[in-house]
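Participant: Structure in structure tokens, see below.
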Amino acid sequence: MKTYEAARLGQTPPFLGLHMQQLRDVMALAEPRRLLGGTVIFDEGQPVRRFSLLMTGDIRFVRLTAEGDQIIVLHIQVGQMFGIGVALGQITHQTTAIAANDCLLLSWPNALWSVFCAAYPAFAAATFRAVGARADEMSNRIVELSTKLVEQRIACALLRMIGQSGRKVGGGVEIGFPLTRGNIADMTGTTLHTVSRVLSSWERLRLIESTRCHIVVIDPHRLVMISLATGRSPTDHPGFAEIAAAIH
């Protein structure tokens with residue numbers, strides 16, 4: 001395996017600190033997969049047979065309600081493990097994983113999980129930190145759905161995504177993967193009509209720019225104020241540090 005590919009692996013949190021031969025050994029055991037946006041990686045209810053690391057692109061986890069509606073549960077970022085049911089005692093996948101855009105991932109059979117944990121001290125620790133962060137995000141989203149008005153929920157969702165994958169462009173901060181208004185409705189527990197009405201209003205106010213499947217946040221600070229109760233500081237937003245990093 002080429003040295004630069006092993007070096008890229010060594011920059012991901014689960015494999016930080018490994019020397020080059022260890023990284024080559026890990027790469028030699030991996031199955032690389034290049035996926036087009038929209039590809040289903042695994043379906044909810046399928047057996048968990050492999051665990052994976054996202055090297056490029058973005059992945060969204062979705063669940064279906066009893067009525068057949070889709071709910072976007074999480075977005076997975078570059079450098080994170082996913083499909084780790086073997087570590088959580090799960091024998092089937094609890095969500096469906098879909099490539100949000102073109103992706104490269106590496107996957108390994110479940111039998112190697114305990115091998116990696118024993119051989120590479122940072123591996124399990126980094127993975128479980130990521131799981132803890134996802135649990136915190138889910139907790140915050142439950143609170144949002146229970147306590148916030150729809151405009152606040154939409155603002156929170158956009159801010160969370162620029163904190164995770166935002167990139168600076170000429171007009172502001174662009175969310176780094178394709179995102180439809182229907183996707184936002186799925187994430188915020190509202191309707192496509194309501195999301196379209198809110199985003200159109202924000203476009204007129206120059207808070208955002210929206211083209212087909214792409215959103216640029218022009219004024220993140222005003223969006224933070226919308227997401228919060230009146231009178232609170234923007235620094236009270238749970239993702240403020242990540243949002244500030246994306247802006248600057």
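Quick note on naming: the chains in the structure tokens go A, B, ... in the order shown, residues restart at 1 in each chain, and ligands are numbered from 1 in order of appearance.
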Enumerate as a ChimeraX atom specification all residues of range 1-181 of chain A assigned to helix (DSSP H, G or I) by DSSP on the backbone, naming them with the chain letters and numbers the document uses.
Facilitator: /A:3-9,13-15,20-29,85-88,112-119,121-147,150-165,181
Participant: Quick one: residues within 8 Å of Phe42 in chain A, only C-alpha atoms counted, chain neighbours fewer than 3 positions away excluded, as a PDB file with all heavy atoms, in the first residue's frame?
Facilitator:
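So the final result, stored in selection25.pdb, reads:
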ATOM      1  N   GLN A  46     -29.956  -4.897   8.960  1.00  0.00           N
ATOM      2  CA  GLN A  46     -29.009  -5.853   8.404  1.00  0.00           C
ATOM      3  C   GLN A  46     -28.009  -6.303   9.471  1.00  0.00           C
ATOM      4  O   GLN A  46     -27.675  -5.539  10.387  1.00  0.00           O
ATOM      5  CB  GLN A  46     -28.246  -5.239   7.231  1.00  0.00           C
ATOM      6  CG  GLN A  46     -29.023  -5.159   5.937  1.00  0.00           C
ATOM      7  CD  GLN A  46     -28.160  -4.674   4.785  1.00  0.00           C
ATOM      8  OE1 GLN A  46     -27.185  -3.962   4.971  1.00  0.00           O
ATOM      9  NE2 GLN A  46     -28.540  -5.066   3.575  1.00  0.00           N
ATOM     10  N   HIS A  93     -27.713  -3.562  12.409  1.00  0.00           N
ATOM     11  CA  HIS A  93     -27.568  -2.108  12.310  1.00  0.00           C
ATOM     12  C   HIS A  93     -28.849  -1.428  12.766  1.00  0.00           C
ATOM     13  O   HIS A  93     -29.955  -1.842  12.394  1.00  0.00           O
ATOM     14  CB  HIS A  93     -27.239  -1.694  10.877  1.00  0.00           C
ATOM     15  CG  HIS A  93     -25.876  -2.111  10.428  1.00  0.00           C
ATOM     16  ND1 HIS A  93     -24.729  -1.572  10.960  1.00  0.00           N
ATOM     17  CD2 HIS A  93     -25.485  -3.030   9.500  1.00  0.00           C
ATOM     18  CE1 HIS A  93     -23.672  -2.121  10.363  1.00  0.00           C
ATOM     19  NE2 HIS A  93     -24.098  -3.005   9.490  1.00  0.00           N
ATOM     20  N   THR A  96     -29.862   3.196   8.856  1.00  0.00           N
ATOM     21  CA  THR A  96     -29.380   3.036   7.482  1.00  0.00           C
ATOM     22  C   THR A  96     -28.316   4.095   7.227  1.00  0.00           C
ATOM     23  O   THR A  96     -28.506   5.260   7.576  1.00  0.00           O
ATOM     24  CB  THR A  96     -30.536   3.193   6.480  1.00  0.00           C
ATOM     25  OG1 THR A  96     -31.468   2.133   6.670  1.00  0.00           O
ATOM     26  CG2 THR A  96     -30.036   3.161   5.046  1.00  0.00           C
ATOM     27  N   ALA A  97     -27.188   3.693   6.653  1.00  0.00           N
ATOM     28  CA  ALA A  97     -26.100   4.626   6.339  1.00  0.00           C
ATOM     29  C   ALA A  97     -26.092   4.905   4.845  1.00  0.00           C
ATOM     30  O   ALA A  97     -26.075   3.972   4.034  1.00  0.00           O
ATOM     31  CB  ALA A  97     -24.755   4.053   6.782  1.00  0.00           C
ATOM     32  N   ILE A  98     -26.098   6.190   4.491  1.00  0.00           N
ATOM     33  CA  ILE A  98     -26.153   6.609   3.087  1.00  0.00           C
ATOM     34  C   ILE A  98     -25.037   7.621   2.839  1.00  0.00           C
ATOM     35  O   ILE A  98     -24.830   8.542   3.635  1.00  0.00           O
ATOM     36  CB  ILE A  98     -27.512   7.249   2.752  1.00  0.00           C
ATOM     37  CG1 ILE A  98     -28.654   6.264   3.024  1.00  0.00           C
ATOM     38  CG2 ILE A  98     -27.547   7.710   1.296  1.00  0.00           C
ATOM     39  CD1 ILE A  98     -30.042   6.883   2.891  1.00  0.00           C
TER      40      ILE A  98
END
Participant: Output as a tab-separated table (two decimals) with C-alpha atoms, in the first residue's frame all residues of range 3-147 of chain A that backbone DSSP marks as strand (DSSP E or B).
Facilitator:
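New file part-v9.tsv:
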chain	number	residue	atom	x	y	z
A	31	GLU	CA	-11.28	-3.24	2.20
A	32	PRO	CA	-11.39	0.20	0.51
A	33	ARG	CA	-14.71	1.30	-0.96
A	34	ARG	CA	-15.34	4.33	-3.18
A	35	LEU	CA	-19.01	5.27	-3.19
A	40	VAL	CA	-26.66	2.89	0.65
A	41	ILE	CA	-23.75	1.50	2.69
A	42	PHE	CA	-25.89	-0.67	4.93
A	47	PRO	CA	-26.46	-7.97	10.32
A	50	ARG	CA	-17.82	-5.04	9.40
A	51	PHE	CA	-16.76	-1.74	10.95
A	52	SER	CA	-15.62	1.21	8.86
A	53	LEU	CA	-13.62	4.43	8.87
A	54	LEU	CA	-14.66	7.40	6.72
A	55	MET	CA	-11.65	8.80	4.84
A	56	THR	CA	-13.34	11.34	2.55
A	59	ILE	CA	-22.31	9.96	5.54
A	60	ARG	CA	-25.79	10.41	6.93
A	61	PHE	CA	-27.57	7.97	9.21
A	62	VAL	CA	-31.31	7.72	8.69
A	63	ARG	CA	-34.18	5.80	10.29
A	64	LEU	CA	-37.66	5.06	8.99
A	70	GLN	CA	-37.36	9.17	6.85
A	71	ILE	CA	-35.59	10.84	9.78
A	72	ILE	CA	-31.97	11.94	9.45
A	73	VAL	CA	-30.38	10.95	12.74
A	74	LEU	CA	-26.71	11.93	12.38
A	75	HIS	CA	-23.99	12.98	9.96
A	76	ILE	CA	-20.64	11.17	10.17
A	81	MET	CA	-15.53	5.09	12.74
A	82	PHE	CA	-19.06	3.89	12.06
A	92	THR	CA	-27.95	-5.68	13.54
A	96	THR	CA	-29.38	3.04	7.48
A	97	ALA	CA	-26.10	4.63	6.34
A	98	ILE	CA	-26.15	6.61	3.09
A	99	ALA	CA	-23.29	8.44	1.36
A	103	CYS	CA	-16.98	8.95	-0.26
A	104	LEU	CA	-13.96	6.80	0.38
A	105	LEU	CA	-14.16	4.44	3.33
A	106	LEU	CA	-12.07	1.61	4.71
A	107	SER	CA	-13.75	-1.37	6.37
A	108	TRP	CA	-12.57	-4.38	8.35
A	109	PRO	CA	-14.30	-7.59	9.50
Participant: Between A:Leu29, A:Leu192, A:Ala119, A:Ala100, which residue has the minimum interatomic distance to Ile175 in chain A, considering only C-alpha atoms?
Facilitator: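 When distances to Ile175 in chain A are compared using only C-alpha atoms, the smallest one comes from A:Ala100.
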Participant: Looking at A:Arg222, A:Arg8, A:Arg153, A:Arg49, which one is nearest to Ile184 in chain A, with distances taken over only C-alpha atoms?
Facilitator: A:Arg153
Participant: CA of Leu36 in chain A to CA of Glu5 in chain A: how many Å, to one decimal?
Facilitator: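 Separating CA of Leu36 in chain A from CA of Glu5 in chain A is a distance of 20.1 Å.
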Participant: Ranking A:Leu158, A:Leu88, A:Ala126, A:Leu228 by minimum distance to Ile208 in chain A and counting only C-alpha atoms, which one comes first?
Facilitator: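 Closest to Ile208 in chain A of all the choices is A:Leu158.
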Participant: Could you work out how far CA of Gly182 in chain A lies from CA of Gly83 in chain A, giving the answer in Å with one decimal?
Facilitator: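 CA of Gly182 in chain A lies 25.0 Å from CA of Gly83 in chain A.
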Participant: Skip Gln152 in chain A itself and residues of its chain fewer than 5 positions away, then list as a list of chain:residue names all residues within 9 Å of it, counting only C-alpha atoms.
Facilitator: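 Using only C-alpha atoms, the neighbours found are A:Glu144, A:Ala157, A:Leu223, A:Val224, A:Met225, A:Ile226, A:Ser227, A:Leu228, A:Ala229.
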Participant: Given the selection you just returned, output its residues as a file containing all heavy atoms, formatted as a PDB file, in the first residue's frame.
Facilitator:
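File produced: out.pdb:
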ATOM      1  N   GLU A 144     -34.011  20.176  21.618  1.00  0.00           N
ATOM      2  CA  GLU A 144     -34.476  21.133  20.613  1.00  0.00           C
ATOM      3  C   GLU A 144     -35.894  20.810  20.154  1.00  0.00           C
ATOM      4  O   GLU A 144     -36.760  21.694  20.060  1.00  0.00           O
ATOM      5  CB  GLU A 144     -33.533  21.120  19.405  1.00  0.00           C
ATOM      6  CG  GLU A 144     -32.166  21.727  19.669  1.00  0.00           C
ATOM      7  CD  GLU A 144     -31.199  21.439  18.533  1.00  0.00           C
ATOM      8  OE1 GLU A 144     -31.655  20.955  17.473  1.00  0.00           O
ATOM      9  OE2 GLU A 144     -29.987  21.674  18.697  1.00  0.00           O
ATOM     10  N   ALA A 157     -30.012  23.310  13.338  1.00  0.00           N
ATOM     11  CA  ALA A 157     -29.558  22.283  12.398  1.00  0.00           C
ATOM     12  C   ALA A 157     -28.493  22.833  11.452  1.00  0.00           C
ATOM     13  O   ALA A 157     -27.459  22.193  11.217  1.00  0.00           O
ATOM     14  CB  ALA A 157     -30.737  21.730  11.606  1.00  0.00           C
ATOM     15  N   LEU A 223     -27.757  33.873  12.903  1.00  0.00           N
ATOM     16  CA  LEU A 223     -28.408  32.569  12.980  1.00  0.00           C
ATOM     17  C   LEU A 223     -28.300  31.996  14.399  1.00  0.00           C
ATOM     18  O   LEU A 223     -29.236  31.377  14.902  1.00  0.00           O
ATOM     19  CB  LEU A 223     -27.766  31.617  11.973  1.00  0.00           C
ATOM     20  CG  LEU A 223     -28.684  30.553  11.354  1.00  0.00           C
ATOM     21  CD1 LEU A 223     -29.870  31.190  10.661  1.00  0.00           C
ATOM     22  CD2 LEU A 223     -27.902  29.693  10.374  1.00  0.00           C
ATOM     23  N   VAL A 224     -27.157  32.224  15.044  1.00  0.00           N
ATOM     24  CA  VAL A 224     -27.006  31.791  16.436  1.00  0.00           C
ATOM     25  C   VAL A 224     -28.049  32.474  17.317  1.00  0.00           C
ATOM     26  O   VAL A 224     -28.674  31.842  18.181  1.00  0.00           O
ATOM     27  CB  VAL A 224     -25.586  32.088  16.960  1.00  0.00           C
ATOM     28  CG1 VAL A 224     -25.511  31.913  18.479  1.00  0.00           C
ATOM     29  CG2 VAL A 224     -24.569  31.164  16.296  1.00  0.00           C
ATOM     30  N   MET A 225     -28.257  33.770  17.111  1.00  0.00           N
ATOM     31  CA  MET A 225     -29.226  34.510  17.936  1.00  0.00           C
ATOM     32  C   MET A 225     -30.639  33.972  17.713  1.00  0.00           C
ATOM     33  O   MET A 225     -31.434  33.905  18.653  1.00  0.00           O
ATOM     34  CB  MET A 225     -29.156  36.001  17.628  1.00  0.00           C
ATOM     35  CG  MET A 225     -27.819  36.646  17.972  1.00  0.00           C
ATOM     36  SD  MET A 225     -27.293  36.315  19.682  1.00  0.00           S
ATOM     37  CE  MET A 225     -28.603  37.088  20.609  1.00  0.00           C
ATOM     38  N   ILE A 226     -30.957  33.594  16.462  1.00  0.00           N
ATOM     39  CA  ILE A 226     -32.276  33.007  16.199  1.00  0.00           C
ATOM     40  C   ILE A 226     -32.422  31.685  16.946  1.00  0.00           C
ATOM     41  O   ILE A 226     -33.490  31.355  17.472  1.00  0.00           O
ATOM     42  CB  ILE A 226     -32.484  32.801  14.690  1.00  0.00           C
ATOM     43  CG1 ILE A 226     -32.622  34.147  13.978  1.00  0.00           C
ATOM     44  CG2 ILE A 226     -33.718  31.934  14.407  1.00  0.00           C
ATOM     45  CD1 ILE A 226     -32.632  34.050  12.467  1.00  0.00           C
ATOM     46  N   SER A 227     -31.338  30.913  17.012  1.00  0.00           N
ATOM     47  CA  SER A 227     -31.411  29.585  17.621  1.00  0.00           C
ATOM     48  C   SER A 227     -31.581  29.626  19.128  1.00  0.00           C
ATOM     49  O   SER A 227     -31.993  28.631  19.736  1.00  0.00           O
ATOM     50  CB  SER A 227     -30.143  28.794  17.284  1.00  0.00           C
ATOM     51  OG  SER A 227     -29.031  29.259  18.038  1.00  0.00           O
ATOM     52  N   LEU A 228     -31.249  30.772  19.752  1.00  0.00           N
ATOM     53  CA  LEU A 228     -31.255  30.878  21.211  1.00  0.00           C
ATOM     54  C   LEU A 228     -32.467  31.641  21.709  1.00  0.00           C
ATOM     55  O   LEU A 228     -33.090  32.415  20.984  1.00  0.00           O
ATOM     56  CB  LEU A 228     -29.988  31.592  21.688  1.00  0.00           C
ATOM     57  CG  LEU A 228     -28.656  30.878  21.410  1.00  0.00           C
ATOM     58  CD1 LEU A 228     -27.501  31.804  21.700  1.00  0.00           C
ATOM     59  CD2 LEU A 228     -28.556  29.605  22.229  1.00  0.00           C
ATOM     60  N   ALA A 229     -32.774  31.460  22.971  1.00  0.00           N
ATOM     61  CA  ALA A 229     -33.806  32.273  23.614  1.00  0.00           C
ATOM     62  C   ALA A 229     -33.329  33.714  23.693  1.00  0.00           C
ATOM     63  O   ALA A 229     -32.149  33.986  23.821  1.00  0.00           O
ATOM     64  CB  ALA A 229     -34.110  31.735  25.007  1.00  0.00           C
TER      65      ALA A 229
END
Participant: Between CA of Ala125 in chain A and CA of His19 in chain A, what is the distance in Å, rounded to a tenth?
Facilitator: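 Going from CA of Ala125 in chain A over to CA of His19 in chain A covers 18.0 Å.
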